[in-house]
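Contents: one structure, followed by commentary.
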Amino acid sequence: MEHRDIIKGQGAQRNVVNRFDRYTFDPEEEDLDVIKTSFTEVFPKTIVNKVKSEDLPMEYSMNPYQGCEHGCSYCFARPTHEYWGYSAGVDFERKIMVKKNAPELLEQLFRKRGYQPAPILMSGNTDCYQPAERQFEITRKLLKVCLDYRHPVHILTKNALVLRDIDILKPMAEQNLVSVSLSIPTINEELRRTMEPRTSSAANKLKAISLLAENHIPVNVMVAPIIPGLNSDEPLSILKAISEAGAQNFGYTLVRLNDSVEPVFVKWIESAFPDRARKVLNLIRSMRGGKLGEKKYFDRQKGEGNIAEMIHNTFKIGRKKFFDGKEFPKLSTGGFTGAKDQQLRLFD
């Protein structure tokens with residue numbers, strides 16, 4: 001399936017020009033596969049962001065890392081790396097910024113007079129359980145703060161590393177303070193290794209669903225993105241598998257390649273799937289009015305044309321067949337008082 005010239009273990013095959021910088025470092029082609037991941041500590045003044053997108057359901061998001069090692073060529077967050085002076089290509093995957101002061105900032109927010117609690121999405125931009133989390137444990141510390149203050153949080157990740165923190169997630173779930181969404185765009189393991197090379201395997205993601213469900217932690221799955229000609233034949237198979245594993249709900253998105261995501265994805269698919277790259281790109285254009293991206297609120301979720309309609313109808317069938325009668329709980333803000341409950345302090 002894979003083209004032999006693709007650089008394994010990463011989505012971006014090169015750096016792309018930073019829109020905001022005249023000078024963008026582009027390593028020599030022969031060096032691209034030996035660049036090591038580097039970590040830089042940054043010191044933000046806030047950690048929780050107000051979500052302003054009209055077509056997204058959450059009010060707040062929180063990202064302990066900037067950049068992401070998972071290596072998905074289609075990641076919508078790639079252009080955000082350009083604001084830091086880096087490229088949305090290789091830099092996004094190899095130059096990771098780490099917010100070690102995030103737990104302190106979160107606690108300051110919770111103690112702020114007048115703060116009105118609402119569920120916070122962890123990984124609204126980059127994955128909070130990417131490989132760097134094994135080393136830095138910022139996500140784990142943030143979850144401890146949320147438990148201490150009884151503040152609800154949604155978690156979105158592609159990594160089964162979330163199971164490491166089940167000792168925190170379980171008491172949170174008992175108070176209706178947490179839900180976990182696993183991103184599973186494919187259960188074809190060969191395709192998974194190419195699409196998202198440094199994420200957990202499809203099998204391990206399904207196991208994570210089962211273990212979370214067994215511990216009564218609500219599990220949602222994002223089947224995202226759907227890329228016509230690559231994984232668009234899988235929705236029913238995925239929905240069957242995740243329902244049987246214990247997922248209570250799902251969502252999905254259609255691929256869209258905005259700004260500097262487009263050249264990264266185009267180079268990737270030409271390298272990984274040279275025999276069908278043109279077909280896939282044309283199918284995406286058929287959903288996006290002749291373009292590869294779409295920024296208009298709501299339109300970006302729906303797409304247009306026969307291919308988009310077929311995908312939407314497939315998910316409607318899957319919901320009725322595999323998720324009929326399943327309900328996903330709404331998280332509670334009722335226990336939040338702006339102060340720690342010492343009796344709930346389970347960790348040092």
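So you can find residues: chains in the structure tokens are A, B, ... in the order shown, residues in each start at 1, and ligands are numbered from 1 in order.
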Find the residues around A:Asn249 up to 8 Å (only C-alpha atoms counted), leave out those fewer than 6 positions away in its own chain, and share them as a PDB file with N, CA and C atoms, in the first residue's frame.
ATOM      1  N   VAL A 219     -17.517   7.173  26.847  1.00  0.00           N
ATOM      2  CA  VAL A 219     -16.617   7.169  25.700  1.00  0.00           C
ATOM      3  C   VAL A 219     -17.375   7.557  24.429  1.00  0.00           C
ATOM      4  N   ASN A 220     -16.836   8.541  23.760  1.00  0.00           N
ATOM      5  CA  ASN A 220     -17.289   8.972  22.442  1.00  0.00           C
ATOM      6  C   ASN A 220     -16.164   8.657  21.455  1.00  0.00           C
ATOM      7  N   VAL A 221     -16.485   8.519  20.183  1.00  0.00           N
ATOM      8  CA  VAL A 221     -15.459   8.305  19.158  1.00  0.00           C
ATOM      9  C   VAL A 221     -15.643   9.336  18.050  1.00  0.00           C
ATOM     10  N   PHE A 323     -26.137   2.422  17.197  1.00  0.00           N
ATOM     11  CA  PHE A 323     -26.195   3.293  18.371  1.00  0.00           C
ATOM     12  C   PHE A 323     -27.616   3.642  18.792  1.00  0.00           C
ATOM     13  N   LYS A 326     -28.638   4.331  22.574  1.00  0.00           N
ATOM     14  CA  LYS A 326     -27.505   4.725  23.411  1.00  0.00           C
ATOM     15  C   LYS A 326     -27.568   6.211  23.702  1.00  0.00           C
ATOM     16  N   GLU A 327     -27.242   6.585  24.932  1.00  0.00           N
ATOM     17  CA  GLU A 327     -27.252   7.983  25.331  1.00  0.00           C
ATOM     18  C   GLU A 327     -25.899   8.373  25.912  1.00  0.00           C
ATOM     19  N   PHE A 328     -25.505   9.612  25.626  1.00  0.00           N
ATOM     20  CA  PHE A 328     -24.229  10.107  26.137  1.00  0.00           C
ATOM     21  C   PHE A 328     -24.509  11.141  27.219  1.00  0.00           C
TER      22      PHE A 328
END
Tell me, as a PyMOL selection string, which residues lie within 12 Å of A:Pro44, counting only C-alpha atoms; anything in the same chain fewer than 5 positions away does not count.
chain A and resi 49+62-66+97-106
Could the residues in this selection be written to a file with N, CA, C and O atoms, as a PDB file, in the first residue's frame?
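Result file is part.pdb:
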ATOM      1  N   ASN A  49      -8.754  28.615  26.589  1.00  0.00           N
ATOM      2  CA  ASN A  49      -9.134  29.492  25.489  1.00  0.00           C
ATOM      3  C   ASN A  49     -10.650  29.487  25.307  1.00  0.00           C
ATOM      4  O   ASN A  49     -11.291  28.439  25.383  1.00  0.00           O
ATOM      5  N   MET A  62      -8.326  23.677  25.956  1.00  0.00           N
ATOM      6  CA  MET A  62      -7.077  23.759  26.720  1.00  0.00           C
ATOM      7  C   MET A  62      -6.061  22.834  26.066  1.00  0.00           C
ATOM      8  O   MET A  62      -6.342  21.656  25.829  1.00  0.00           O
ATOM      9  N   ASN A  63      -4.874  23.374  25.781  1.00  0.00           N
ATOM     10  CA  ASN A  63      -3.850  22.613  25.070  1.00  0.00           C
ATOM     11  C   ASN A  63      -2.516  22.705  25.801  1.00  0.00           C
ATOM     12  O   ASN A  63      -1.872  23.758  25.778  1.00  0.00           O
ATOM     13  N   PRO A  64      -2.089  21.641  26.466  1.00  0.00           N
ATOM     14  CA  PRO A  64      -0.817  21.690  27.189  1.00  0.00           C
ATOM     15  C   PRO A  64       0.409  21.694  26.285  1.00  0.00           C
ATOM     16  O   PRO A  64       1.508  22.007  26.743  1.00  0.00           O
ATOM     17  N   TYR A  65       0.226  21.352  24.999  1.00  0.00           N
ATOM     18  CA  TYR A  65       1.339  21.323  24.056  1.00  0.00           C
ATOM     19  C   TYR A  65       0.963  22.077  22.787  1.00  0.00           C
ATOM     20  O   TYR A  65      -0.200  22.109  22.385  1.00  0.00           O
ATOM     21  N   GLN A  66       1.967  22.679  22.155  1.00  0.00           N
ATOM     22  CA  GLN A  66       1.805  23.247  20.816  1.00  0.00           C
ATOM     23  C   GLN A  66       2.660  22.427  19.871  1.00  0.00           C
ATOM     24  O   GLN A  66       3.826  22.162  20.161  1.00  0.00           O
ATOM     25  N   MET A  97       6.280  22.620  21.682  1.00  0.00           N
ATOM     26  CA  MET A  97       6.342  23.574  22.785  1.00  0.00           C
ATOM     27  C   MET A  97       5.534  23.045  23.967  1.00  0.00           C
ATOM     28  O   MET A  97       4.416  22.562  23.796  1.00  0.00           O
ATOM     29  N   VAL A  98       6.128  23.143  25.134  1.00  0.00           N
ATOM     30  CA  VAL A  98       5.606  22.504  26.335  1.00  0.00           C
ATOM     31  C   VAL A  98       5.229  23.568  27.357  1.00  0.00           C
ATOM     32  O   VAL A  98       6.038  24.452  27.678  1.00  0.00           O
ATOM     33  N   LYS A  99       3.996  23.480  27.873  1.00  0.00           N
ATOM     34  CA  LYS A  99       3.499  24.481  28.824  1.00  0.00           C
ATOM     35  C   LYS A  99       3.489  23.886  30.236  1.00  0.00           C
ATOM     36  O   LYS A  99       2.453  23.471  30.754  1.00  0.00           O
ATOM     37  N   LYS A 100       4.656  23.862  30.862  1.00  0.00           N
ATOM     38  CA  LYS A 100       4.769  23.240  32.168  1.00  0.00           C
ATOM     39  C   LYS A 100       3.988  23.985  33.249  1.00  0.00           C
ATOM     40  O   LYS A 100       3.633  23.402  34.276  1.00  0.00           O
ATOM     41  N   ASN A 101       3.739  25.257  33.040  1.00  0.00           N
ATOM     42  CA  ASN A 101       3.014  26.030  34.053  1.00  0.00           C
ATOM     43  C   ASN A 101       1.498  25.934  33.888  1.00  0.00           C
ATOM     44  O   ASN A 101       0.749  26.617  34.590  1.00  0.00           O
ATOM     45  N   ALA A 102       1.033  25.070  32.990  1.00  0.00           N
ATOM     46  CA  ALA A 102      -0.398  24.952  32.725  1.00  0.00           C
ATOM     47  C   ALA A 102      -1.223  24.619  33.970  1.00  0.00           C
ATOM     48  O   ALA A 102      -2.283  25.224  34.187  1.00  0.00           O
ATOM     49  N   PRO A 103      -0.820  23.662  34.812  1.00  0.00           N
ATOM     50  CA  PRO A 103      -1.635  23.357  35.998  1.00  0.00           C
ATOM     51  C   PRO A 103      -1.810  24.552  36.933  1.00  0.00           C
ATOM     52  O   PRO A 103      -2.909  24.768  37.467  1.00  0.00           O
ATOM     53  N   GLU A 104      -0.752  25.335  37.127  1.00  0.00           N
ATOM     54  CA  GLU A 104      -0.854  26.511  37.987  1.00  0.00           C
ATOM     55  C   GLU A 104      -1.810  27.542  37.378  1.00  0.00           C
ATOM     56  O   GLU A 104      -2.616  28.166  38.087  1.00  0.00           O
ATOM     57  N   LEU A 105      -1.725  27.725  36.055  1.00  0.00           N
ATOM     58  CA  LEU A 105      -2.615  28.672  35.387  1.00  0.00           C
ATOM     59  C   LEU A 105      -4.071  28.230  35.490  1.00  0.00           C
ATOM     60  O   LEU A 105      -4.971  29.064  35.674  1.00  0.00           O
ATOM     61  N   LEU A 106      -4.302  26.933  35.379  1.00  0.00           N
ATOM     62  CA  LEU A 106      -5.673  26.435  35.470  1.00  0.00           C
ATOM     63  C   LEU A 106      -6.232  26.665  36.869  1.00  0.00           C
ATOM     64  O   LEU A 106      -7.386  27.092  37.025  1.00  0.00           O
TER      65      LEU A 106
END
Write out as an mmCIF file with C-alpha atoms, in the first residue's frame the residues lying within 10 Å of stretch 155-164 of chain A, counting only C-alpha atoms and excluding same-chain residues fewer than 4 positions away.
data_model
loop_
_atom_site.group_PDB
_atom_site.id
_atom_site.type_symbol
_atom_site.label_atom_id
_atom_site.label_comp_id
_atom_site.auth_asym_id
_atom_site.auth_seq_id
_atom_site.Cartn_x
_atom_site.Cartn_y
_atom_site.Cartn_z
ATOM 1 C CA SER A 61 -10.452 24.458 25.128
ATOM 2 C CA MET A 62 -7.077 23.759 26.720
ATOM 3 C CA HIS A 70 1.419 12.095 15.958
ATOM 4 C CA ILE A 120 -13.321 22.384 28.968
ATOM 5 C CA LEU A 121 -12.147 20.420 25.933
ATOM 6 C CA MET A 122 -8.613 19.121 26.317
ATOM 7 C CA SER A 123 -7.024 18.849 22.857
ATOM 8 C CA GLY A 124 -9.084 21.466 21.115
ATOM 9 C CA ASN A 125 -5.990 22.016 18.987
ATOM 10 C CA THR A 126 -3.157 19.518 19.580
ATOM 11 C CA ASP A 127 -3.305 16.132 21.297
ATOM 12 C CA CYS A 128 -2.949 16.253 25.083
ATOM 13 C CA TYR A 129 -1.801 12.594 25.115
ATOM 14 C CA GLN A 130 0.775 12.794 22.354
ATOM 15 C CA PRO A 131 4.072 10.972 23.109
ATOM 16 C CA GLU A 133 2.946 13.455 27.695
ATOM 17 C CA ARG A 134 4.783 10.307 28.814
ATOM 18 C CA THR A 139 -2.212 16.457 31.120
ATOM 19 C CA ARG A 140 -2.207 14.243 34.198
ATOM 20 C CA LEU A 143 -6.738 16.391 35.403
ATOM 21 C CA ILE A 168 -8.008 9.965 38.072
ATOM 22 C CA LEU A 169 -10.669 9.521 35.397
ATOM 23 C CA VAL A 178 -15.252 13.644 32.511
ATOM 24 C CA SER A 179 -15.768 12.042 29.138
ATOM 25 C CA VAL A 180 -13.220 10.687 26.680
ATOM 26 C CA SER A 181 -13.345 10.912 22.894
ATOM 27 C CA LEU A 182 -10.971 8.691 20.947
ATOM 28 C CA SER A 183 -10.184 9.675 17.368
ATOM 29 C CA ILE A 184 -10.436 6.615 15.112
ATOM 30 C CA PRO A 185 -10.437 7.458 11.394
ATOM 31 C CA GLU A 196 -1.397 8.758 11.592
ATOM 32 C CA ARG A 198 2.760 7.817 15.687
ATOM 33 C CA THR A 199 -0.669 7.311 17.190
ATOM 34 C CA SER A 200 -1.832 4.191 19.015
ATOM 35 C CA SER A 201 -2.784 1.226 16.863
ATOM 36 C CA ALA A 202 -6.420 0.731 15.926
ATOM 37 C CA ALA A 203 -6.522 -2.392 18.103
ATOM 38 C CA ASN A 204 -5.184 -0.504 21.120
ATOM 39 C CA LYS A 205 -7.730 2.278 20.633
ATOM 40 C CA LEU A 206 -10.538 -0.283 20.629
ATOM 41 C CA LYS A 207 -9.097 -1.854 23.790
ATOM 42 C CA ALA A 208 -9.000 1.594 25.367
ATOM 43 C CA ILE A 209 -12.699 2.051 24.630
ATOM 44 C CA LEU A 211 -11.391 -0.496 29.433
ATOM 45 C CA LEU A 212 -12.822 3.000 29.799
ATOM 46 C CA VAL A 219 -16.617 7.169 25.700
ATOM 47 C CA ASN A 220 -17.289 8.972 22.442
ATOM 48 C CA VAL A 221 -15.459 8.305 19.158
ATOM 49 C CA MET A 222 -14.537 10.833 16.492
#
Report the residues of stretch 39-168 of chain A whose backbone DSSP state falls under helix (DSSP H, G or I), written as number ranges by chain.
A: 78-84, 90-94, 102-110, 132-136, 138-149, 160-168
Selected residue, from A:Ser271, A:Ser232, A:Thr46, A:Asn215, that lies nearest to A:Leu254 when counting only C-alpha atoms:
A:Ser232
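Of the residues listed (A:Lys50, A:Lys141, A:Arg285, A:Lys330), A:Lys330 shows the shortest atom-to-atom separation from A:His154; distances use only C-alpha atoms.
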Residues flagged strand (DSSP E or B) by DSSP in stretch 81-175 of chain A, as a count of residues only:
12
Neighbours of stretch 299-313 of chain A within 12 Å (only C-alpha atoms; same-chain residues fewer than 2 positions away dropped), as a PyMOL selection string?
chain A and resi 53-56+76+223-229+231-236+251-258+280+282-297+315-320
Write the residues you've just listed into a file as a short mmCIF file (atom, residue, chain, number, x, y, z; two decimals), in the first residue's frame, and include N, CA and C atoms for each of them.
data_model
loop_
_atom_site.label_atom_id
_atom_site.label_comp_id
_atom_site.auth_asym_id
_atom_site.auth_seq_id
_atom_site.Cartn_x
_atom_site.Cartn_y
_atom_site.Cartn_z
N SER A 53 -15.70 29.63 17.55
CA SER A 53 -16.29 29.05 16.34
C SER A 53 -17.76 28.76 16.58
N GLU A 54 -18.60 29.24 15.68
CA GLU A 54 -20.04 29.14 15.86
C GLU A 54 -20.57 27.72 15.69
N ASP A 55 -19.83 26.88 14.99
CA ASP A 55 -20.33 25.53 14.70
C ASP A 55 -19.67 24.46 15.56
N LEU A 56 -19.01 24.86 16.64
CA LEU A 56 -18.40 23.91 17.57
C LEU A 56 -19.16 23.95 18.89
N PHE A 76 -5.72 19.89 11.17
CA PHE A 76 -6.15 21.27 10.98
C PHE A 76 -5.35 22.26 11.82
N VAL A 223 -14.84 9.77 14.35
CA VAL A 223 -14.41 9.09 13.12
C VAL A 223 -13.98 10.20 12.16
N ALA A 224 -12.73 10.61 12.31
CA ALA A 224 -12.34 11.84 11.64
C ALA A 224 -10.84 11.87 11.31
N PRO A 225 -10.55 12.44 10.13
CA PRO A 225 -11.50 12.88 9.12
C PRO A 225 -11.82 11.76 8.15
N ILE A 226 -12.95 11.89 7.48
CA ILE A 226 -13.27 10.98 6.39
C ILE A 226 -12.64 11.54 5.12
N ILE A 227 -11.77 10.76 4.52
CA ILE A 227 -11.06 11.16 3.29
C ILE A 227 -11.55 10.27 2.16
N PRO A 228 -12.32 10.81 1.23
CA PRO A 228 -12.86 9.96 0.15
C PRO A 228 -11.75 9.32 -0.66
N GLY A 229 -11.90 8.03 -0.90
CA GLY A 229 -10.89 7.29 -1.63
C GLY A 229 -9.83 6.66 -0.75
N ASN A 231 -10.45 6.27 3.38
CA ASN A 231 -11.15 5.57 4.45
C ASN A 231 -12.67 5.71 4.36
N SER A 232 -13.17 6.22 3.25
CA SER A 232 -14.61 6.47 3.12
C SER A 232 -15.44 5.20 2.98
N ASP A 233 -14.78 4.06 2.83
CA ASP A 233 -15.51 2.79 2.78
C ASP A 233 -15.61 2.14 4.16
N GLU A 234 -15.10 2.79 5.21
CA GLU A 234 -15.01 2.17 6.53
C GLU A 234 -16.06 2.56 7.56
N PRO A 235 -16.85 3.63 7.38
CA PRO A 235 -17.69 4.09 8.49
C PRO A 235 -18.52 3.00 9.16
N LEU A 236 -19.21 2.17 8.41
CA LEU A 236 -20.07 1.16 9.05
C LEU A 236 -19.24 0.15 9.83
N GLY A 251 -18.96 11.02 16.56
CA GLY A 251 -19.06 12.15 15.66
C GLY A 251 -18.15 11.88 14.48
N TYR A 252 -18.21 12.73 13.47
CA TYR A 252 -17.33 12.56 12.32
C TYR A 252 -17.15 13.91 11.63
N THR A 253 -16.10 14.03 10.85
CA THR A 253 -15.87 15.23 10.05
C THR A 253 -15.38 14.82 8.67
N LEU A 254 -15.62 15.67 7.71
CA LEU A 254 -15.09 15.50 6.36
C LEU A 254 -13.76 16.24 6.27
N VAL A 255 -12.81 15.67 5.58
CA VAL A 255 -11.50 16.29 5.49
C VAL A 255 -11.60 17.66 4.83
N ARG A 256 -10.84 18.60 5.36
CA ARG A 256 -10.71 19.92 4.73
C ARG A 256 -9.27 20.37 4.94
N LEU A 257 -8.70 20.93 3.90
CA LEU A 257 -7.27 21.22 3.87
C LEU A 257 -7.06 22.72 3.73
N ASN A 258 -7.19 23.45 4.83
CA ASN A 258 -7.09 24.90 4.80
C ASN A 258 -5.64 25.36 4.90
N VAL A 280 -8.03 10.98 -5.13
CA VAL A 280 -8.41 11.42 -3.80
C VAL A 280 -8.56 12.94 -3.76
N ASN A 282 -9.19 14.97 -6.21
CA ASN A 282 -10.37 15.38 -6.98
C ASN A 282 -11.66 15.09 -6.22
N LEU A 283 -11.71 13.98 -5.48
CA LEU A 283 -12.89 13.67 -4.68
C LEU A 283 -13.08 14.71 -3.56
N ILE A 284 -11.97 15.13 -2.95
CA ILE A 284 -12.06 16.18 -1.93
C ILE A 284 -12.59 17.46 -2.55
N ARG A 285 -12.07 17.81 -3.72
CA ARG A 285 -12.53 19.02 -4.41
C ARG A 285 -14.02 18.94 -4.71
N SER A 286 -14.51 17.74 -5.01
CA SER A 286 -15.93 17.60 -5.32
C SER A 286 -16.82 17.90 -4.12
N MET A 287 -16.25 17.78 -2.89
CA MET A 287 -17.00 18.08 -1.67
C MET A 287 -16.83 19.52 -1.23
N ARG A 288 -15.85 20.22 -1.83
CA ARG A 288 -15.48 21.55 -1.35
C ARG A 288 -15.59 22.61 -2.44
N GLY A 289 -16.53 22.45 -3.35
CA GLY A 289 -16.76 23.47 -4.38
C GLY A 289 -15.57 23.70 -5.27
N GLY A 290 -14.81 22.65 -5.57
CA GLY A 290 -13.66 22.76 -6.44
C GLY A 290 -12.37 23.08 -5.72
N LYS A 291 -12.44 23.32 -4.41
CA LYS A 291 -11.24 23.61 -3.61
C LYS A 291 -10.91 22.41 -2.73
N LEU A 292 -9.80 22.52 -2.01
CA LEU A 292 -9.43 21.46 -1.07
C LEU A 292 -9.80 21.82 0.37
N GLY A 293 -10.14 23.09 0.60
CA GLY A 293 -10.47 23.53 1.95
C GLY A 293 -11.78 24.29 2.00
N GLU A 294 -12.21 24.57 3.21
CA GLU A 294 -13.43 25.35 3.42
C GLU A 294 -13.38 25.93 4.82
N LYS A 295 -13.63 27.25 4.94
CA LYS A 295 -13.55 27.92 6.23
C LYS A 295 -14.90 28.41 6.74
N LYS A 296 -15.91 28.45 5.90
CA LYS A 296 -17.19 28.99 6.34
C LYS A 296 -17.79 28.10 7.42
N TYR A 297 -18.24 28.74 8.51
CA TYR A 297 -18.88 27.99 9.57
C TYR A 297 -20.06 27.20 9.01
N PHE A 315 -23.41 7.49 7.70
CA PHE A 315 -23.36 7.66 9.15
C PHE A 315 -24.75 7.65 9.77
N LYS A 316 -25.75 8.15 9.06
CA LYS A 316 -27.13 8.07 9.56
C LYS A 316 -27.56 6.62 9.70
N ILE A 317 -27.23 5.81 8.71
CA ILE A 317 -27.55 4.38 8.77
C ILE A 317 -26.82 3.73 9.94
N GLY A 318 -25.54 4.07 10.09
CA GLY A 318 -24.74 3.49 11.17
C GLY A 318 -25.25 3.86 12.54
N ARG A 319 -25.70 5.10 12.71
CA ARG A 319 -26.24 5.50 14.00
C ARG A 319 -27.49 4.70 14.35
N LYS A 320 -28.37 4.54 13.37
CA LYS A 320 -29.60 3.80 13.61
C LYS A 320 -29.31 2.33 13.88
#
Counting only C-alpha atoms, closest pick from A:Phe43, A:Lys321, A:Thr37, A:Gly334 relative to A:Phe92 is A:Thr37
